[in-house]
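J.: Sending over a structure as structure tokens; questions will come in a sec.
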Amino acid sequence: MTDAIHAPLRPLADTSPSAVVAGFIAMMTGYTSSLVLMFQAGQAAGLTTAQISSWIWALSIGMAVCSIGLSLRYRTPITVAWSTPGAALLITSLGGVSYGEAIGAYITCAVLVTLCGLTGSFEKLLKRIPASLAAALLAGILFKIGSEIFVAAQHRTALVLGMFFTYLIIKRLSPRYAVLAALVIGTALSGLLGLLDFSAFHLEVAVPVWTTPHFSLAATISIGIPLFVVAMTSQNMPGIAVLRADGYNVPASPLISVTGLASLLLAPFGSHGINLAAISAAICTGPHAHEDRHKRYTAAVWCGLFYGIAGVFGATLAALFAALPKELVLSIAALALFGSIINGLSVAMHEPKEREAALITFMVTASGLTLFSIGSAFWGIVAGLLTLLILNGRNRTQ
């Protein structure tokens, strides 16, 4: 990795068709996973169409700038995304306070995240987590998304099987183009089967809308603190695990600090917070993004560019993604993640003394368990560390 860092930075020369495709799929996966949740939360809270559009614009621009900037700075595929669990949280909590108070809570969350990065406390915590558990955490997070292709086959059998077998055949002949070929065939099959519907699609440029923040204890407790916990446990911790599992040892503190500061600046325009990506990040760090791991940073750069384009037309995103059958989106995301799941499981099971703890981490994370409004990624790590402590104790490293 050292030689790659000191080599000349040439994003255009380092890129490849597979990196562009990986960047597009990562963007598409990030948006389709929770864009509808944001519309649902905004409508439930009585936000105007302009405010919801500004919300999407703020998140997209923040994700674009951070993904491109951090990836170029560290020559590493660093993908930034909004918090999907955070968007789900807002469906029930956003309507209980005024929008100005919600903005104040977003700012509180961003300040807490930034402090974690600047003080290095998050980095210190991560160093105490064994690599096997981090890899198991990654595999557990990605497992559900990866298995969705087989669930989707129940509903759109011809479409999904056509994509799946295209992937396998091209994987044998030319592995770097396997995902691209599956996407092309999937789109063509969707058209032939009459599954593409662009009737509701129209271009509309998003306009930022400023909302003056107000701070209240109620909003801090119901929105600010939960968003912070979700951001650190369900986004930033898995996000670092994805990078570490694929051999990218970039320092965590600067990444957390930058995303926290970006969230702080964009909060008045509606951003509930941007964090390190996990699922979409694995698409850019995996072997399908580029055969040369030192050039996979270009996939994250492309993802950032697509974020920026999507943000400019934030008001039209829902209609665009609604035009594609969800089975196509689920299947292409699953196929793009196969390599990362394989790598995660391989690293997780490498150390004999840590295999059972890694297995527990994987199973709890993959289960989707939620306790006290905290997602399975956090509980997976807790369960794995407890298992490791009970089985090995102080003799783990001996």
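Every chain in the structure tokens takes a letter, A first, then B, and so on in the order presented; its residues are numbered from 1, and the ligands are numbered from 1 following the presented order.
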Report as a PyMOL selection string: the residues of stretch 9-173 of chain A with a DSSP assignment of alpha helix (DSSP H), based on the backbone of this structure.
T.: chain A and resi 11-14+17-44+49-74+84-93+99-119+121-127+131-152+157-173
J.: Could you dump the residues just selected with C-alpha atoms as a compact mmCIF listing (two decimals), in the first residue's frame?
T.:
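Result file result_34.txt:
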# COMPACT_ATOMS: atom_id res chain seq x y z
CA PRO A 11 -7.58 8.98 -11.29
CA LEU A 12 -8.48 8.91 -14.99
CA ALA A 13 -5.56 6.67 -15.90
CA ASP A 14 -6.24 4.38 -12.92
CA PRO A 17 -15.06 0.27 -16.86
CA SER A 18 -15.50 -2.05 -13.88
CA ALA A 19 -14.66 0.83 -11.49
CA VAL A 20 -17.26 3.07 -13.14
CA VAL A 21 -19.87 0.31 -12.90
CA ALA A 22 -18.96 -0.39 -9.26
CA GLY A 23 -19.31 3.31 -8.45
CA PHE A 24 -22.72 3.46 -10.13
CA ILE A 25 -23.95 0.30 -8.38
CA ALA A 26 -22.69 1.61 -5.03
CA MET A 27 -24.60 4.87 -5.57
CA MET A 28 -27.70 3.01 -6.72
CA THR A 29 -27.55 0.64 -3.75
CA GLY A 30 -27.20 3.52 -1.31
CA TYR A 31 -30.16 5.45 -2.71
CA THR A 32 -32.56 2.58 -3.28
CA SER A 33 -31.99 1.17 0.21
CA SER A 34 -33.52 4.11 2.07
CA LEU A 35 -34.61 6.94 -0.23
CA VAL A 36 -38.23 5.90 0.25
CA LEU A 37 -37.72 6.05 4.04
CA MET A 38 -36.75 9.70 3.79
CA PHE A 39 -39.80 10.56 1.72
CA GLN A 40 -41.93 8.67 4.21
CA ALA A 41 -40.36 10.48 7.19
CA GLY A 42 -40.63 13.87 5.50
CA GLN A 43 -44.26 13.41 4.55
CA ALA A 44 -45.15 12.12 8.02
CA THR A 49 -41.60 18.97 -1.34
CA ALA A 50 -38.93 21.70 -1.44
CA GLN A 51 -37.68 20.79 2.05
CA ILE A 52 -37.51 17.08 1.20
CA SER A 53 -35.69 17.89 -2.05
CA SER A 54 -33.23 20.08 -0.11
CA TRP A 55 -32.73 17.24 2.39
CA ILE A 56 -31.70 14.88 -0.43
CA TRP A 57 -29.55 17.58 -2.04
CA ALA A 58 -27.65 18.26 1.20
CA LEU A 59 -26.96 14.58 1.83
CA SER A 60 -25.92 13.95 -1.77
CA ILE A 61 -23.53 16.89 -2.00
CA GLY A 62 -21.94 15.99 1.34
CA MET A 63 -21.54 12.37 0.28
CA ALA A 64 -20.09 13.41 -3.08
CA VAL A 65 -17.50 15.82 -1.68
CA CYS A 66 -16.41 13.48 1.13
CA SER A 67 -16.26 10.35 -1.03
CA ILE A 68 -14.19 12.05 -3.73
CA GLY A 69 -11.99 14.07 -1.37
CA LEU A 70 -11.19 11.28 1.10
CA SER A 71 -10.65 8.67 -1.62
CA LEU A 72 -8.16 10.90 -3.45
CA ARG A 73 -6.47 11.97 -0.21
CA TYR A 74 -5.83 8.44 1.06
CA THR A 84 -30.32 4.19 6.63
CA PRO A 85 -31.13 3.26 10.26
CA GLY A 86 -31.13 7.00 10.99
CA ALA A 87 -33.69 7.60 8.23
CA ALA A 88 -35.86 4.81 9.66
CA LEU A 89 -35.57 6.37 13.12
CA LEU A 90 -36.84 9.70 11.78
CA ILE A 91 -40.09 8.17 10.53
CA THR A 92 -41.33 7.86 14.11
CA SER A 93 -39.45 10.72 15.80
CA TYR A 99 -38.46 21.03 11.90
CA GLY A 100 -36.18 23.71 13.36
CA GLU A 101 -35.73 21.60 16.51
CA ALA A 102 -34.97 18.55 14.36
CA ILE A 103 -32.26 20.56 12.58
CA GLY A 104 -30.84 21.48 15.98
CA ALA A 105 -30.76 17.79 16.91
CA TYR A 106 -28.92 17.01 13.64
CA ILE A 107 -26.30 19.60 14.62
CA THR A 108 -25.94 18.07 18.09
CA CYS A 109 -25.37 14.65 16.54
CA ALA A 110 -22.80 16.06 14.08
CA VAL A 111 -20.87 17.77 16.91
CA LEU A 112 -20.71 14.51 18.90
CA VAL A 113 -19.48 12.56 15.85
CA THR A 114 -16.84 15.22 15.13
CA LEU A 115 -15.60 15.10 18.73
CA CYS A 116 -15.23 11.32 18.51
CA GLY A 117 -13.02 11.81 15.48
CA LEU A 118 -10.95 14.70 16.80
CA THR A 119 -10.28 13.09 20.19
CA SER A 121 -11.63 7.85 21.03
CA PHE A 122 -13.25 5.93 18.16
CA GLU A 123 -9.84 4.88 16.80
CA LYS A 124 -8.79 3.57 20.23
CA LEU A 125 -11.95 1.48 20.46
CA LEU A 126 -11.42 -0.02 17.01
CA LYS A 127 -7.87 -1.13 17.81
CA ALA A 131 -9.52 -8.56 12.76
CA SER A 132 -11.51 -11.81 12.71
CA LEU A 133 -14.47 -10.19 14.46
CA ALA A 134 -14.33 -7.13 12.19
CA ALA A 135 -14.37 -9.44 9.14
CA ALA A 136 -17.27 -11.45 10.60
CA LEU A 137 -19.13 -8.21 11.20
CA LEU A 138 -18.64 -7.27 7.55
CA ALA A 139 -19.83 -10.68 6.33
CA GLY A 140 -22.88 -10.52 8.59
CA ILE A 141 -23.86 -7.06 7.35
CA LEU A 142 -23.52 -8.09 3.71
CA PHE A 143 -25.08 -11.55 4.05
CA LYS A 144 -28.69 -10.38 4.03
CA ILE A 145 -28.14 -8.19 0.97
CA GLY A 146 -26.28 -10.99 -0.80
CA SER A 147 -29.03 -13.53 -0.14
CA GLU A 148 -31.74 -11.18 -1.45
CA ILE A 149 -30.98 -12.32 -5.00
CA PHE A 150 -32.40 -15.76 -4.20
CA VAL A 151 -35.47 -14.26 -2.55
CA ALA A 152 -35.97 -12.04 -5.60
CA THR A 157 -37.52 -15.86 -11.84
CA ALA A 158 -36.61 -15.23 -15.49
CA LEU A 159 -35.03 -11.83 -14.75
CA VAL A 160 -32.99 -12.96 -11.75
CA LEU A 161 -31.84 -16.28 -13.22
CA GLY A 162 -30.87 -14.52 -16.44
CA MET A 163 -28.68 -12.10 -14.45
CA PHE A 164 -27.28 -14.85 -12.20
CA PHE A 165 -26.18 -17.18 -15.00
CA THR A 166 -24.83 -14.26 -17.02
CA TYR A 167 -22.70 -13.36 -14.00
CA LEU A 168 -21.37 -16.94 -13.64
CA ILE A 169 -20.56 -17.37 -17.35
CA ILE A 170 -18.80 -13.99 -17.69
CA LYS A 171 -17.08 -14.58 -14.32
CA ARG A 172 -15.39 -17.61 -15.89
CA LEU A 173 -14.50 -15.87 -19.15
J.: Show me, as number ranges by chain, the residues that have an atom within 10 Å of A:Trp379 when counting only C-alpha atoms, minus same-chain residues fewer than 6 positions from it.
T.: A: 137, 233-234, 361, 364-365, 368-371, 385
J.: Tell me, in Å to one decimal, how far atom CA of A:Pro287 is from atom CA of A:Ser340.
T.: 7.7 Å
J.: Of the candidates A:Leu328, A:Ile279, A:Ala357, A:Ile185, which one gets nearest to A:Gly380 if we count only C-alpha atoms?
T.: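 Of A:Leu328, A:Ile279, A:Ala357, A:Ile185, the one nearest A:Gly380 is A:Ala357, counting only C-alpha atoms.
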J.: Which residues of stretch 280-324 of chain A come within 10 Å of stretch 246-254 of chain A, and for each one, what is the closest pair of atoms and their distance in Å to one decimal, counting only C-alpha atoms, sorted by chain and residue number, as CSV?
T.:
residue,atom,partner,partner_atom,distance
A:Ala282,CA,A:Asp246,CA,8.6
A:Thr285,CA,A:Asp246,CA,6.6
A:Gly286,CA,A:Asp246,CA,7.2
A:Pro287,CA,A:Asp246,CA,9.4
A:Arg293,CA,A:Asp246,CA,8.9
A:His294,CA,A:Tyr248,CA,9.5
J.: For those residues, write C-alpha atoms to a file as a CSV table (one decimal), in the first residue's frame.
T.:
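Dumped to part_24.csv:
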chain,number,residue,atom,x,y,z
A,282,ALA,CA,-18.0,-3.1,0.0
A,285,THR,CA,-13.5,-2.2,-2.0
A,286,GLY,CA,-14.1,-5.7,-3.5
A,287,PRO,CA,-12.4,-7.3,-6.5
A,293,ARG,CA,-6.6,-3.2,-5.3
A,294,HIS,CA,-4.4,0.0,-5.4
J.: Considering only C-alpha atoms, can you say which of A:Ala383, A:Met349, A:Val80, A:Ala336 comes closest to A:Met363?
T.: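 Nearest candidate to A:Met363 out of A:Ala383, A:Met349, A:Val80, A:Ala336: A:Ala383.
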J.: Excluding A:Gln235 and residues on its chain fewer than 3 positions from it, collect all residues at most 9 Å away from it, counting only C-alpha atoms, and give them as a list in words.
T.: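 The filter keeps Ala81, Trp82, Ser83, Thr84, Pro85, Val230, Ala231, Met232, Pro238, Gly239, Ile240, Asn275, Leu276, Ala277, Ala278 and Ala377 of chain A.
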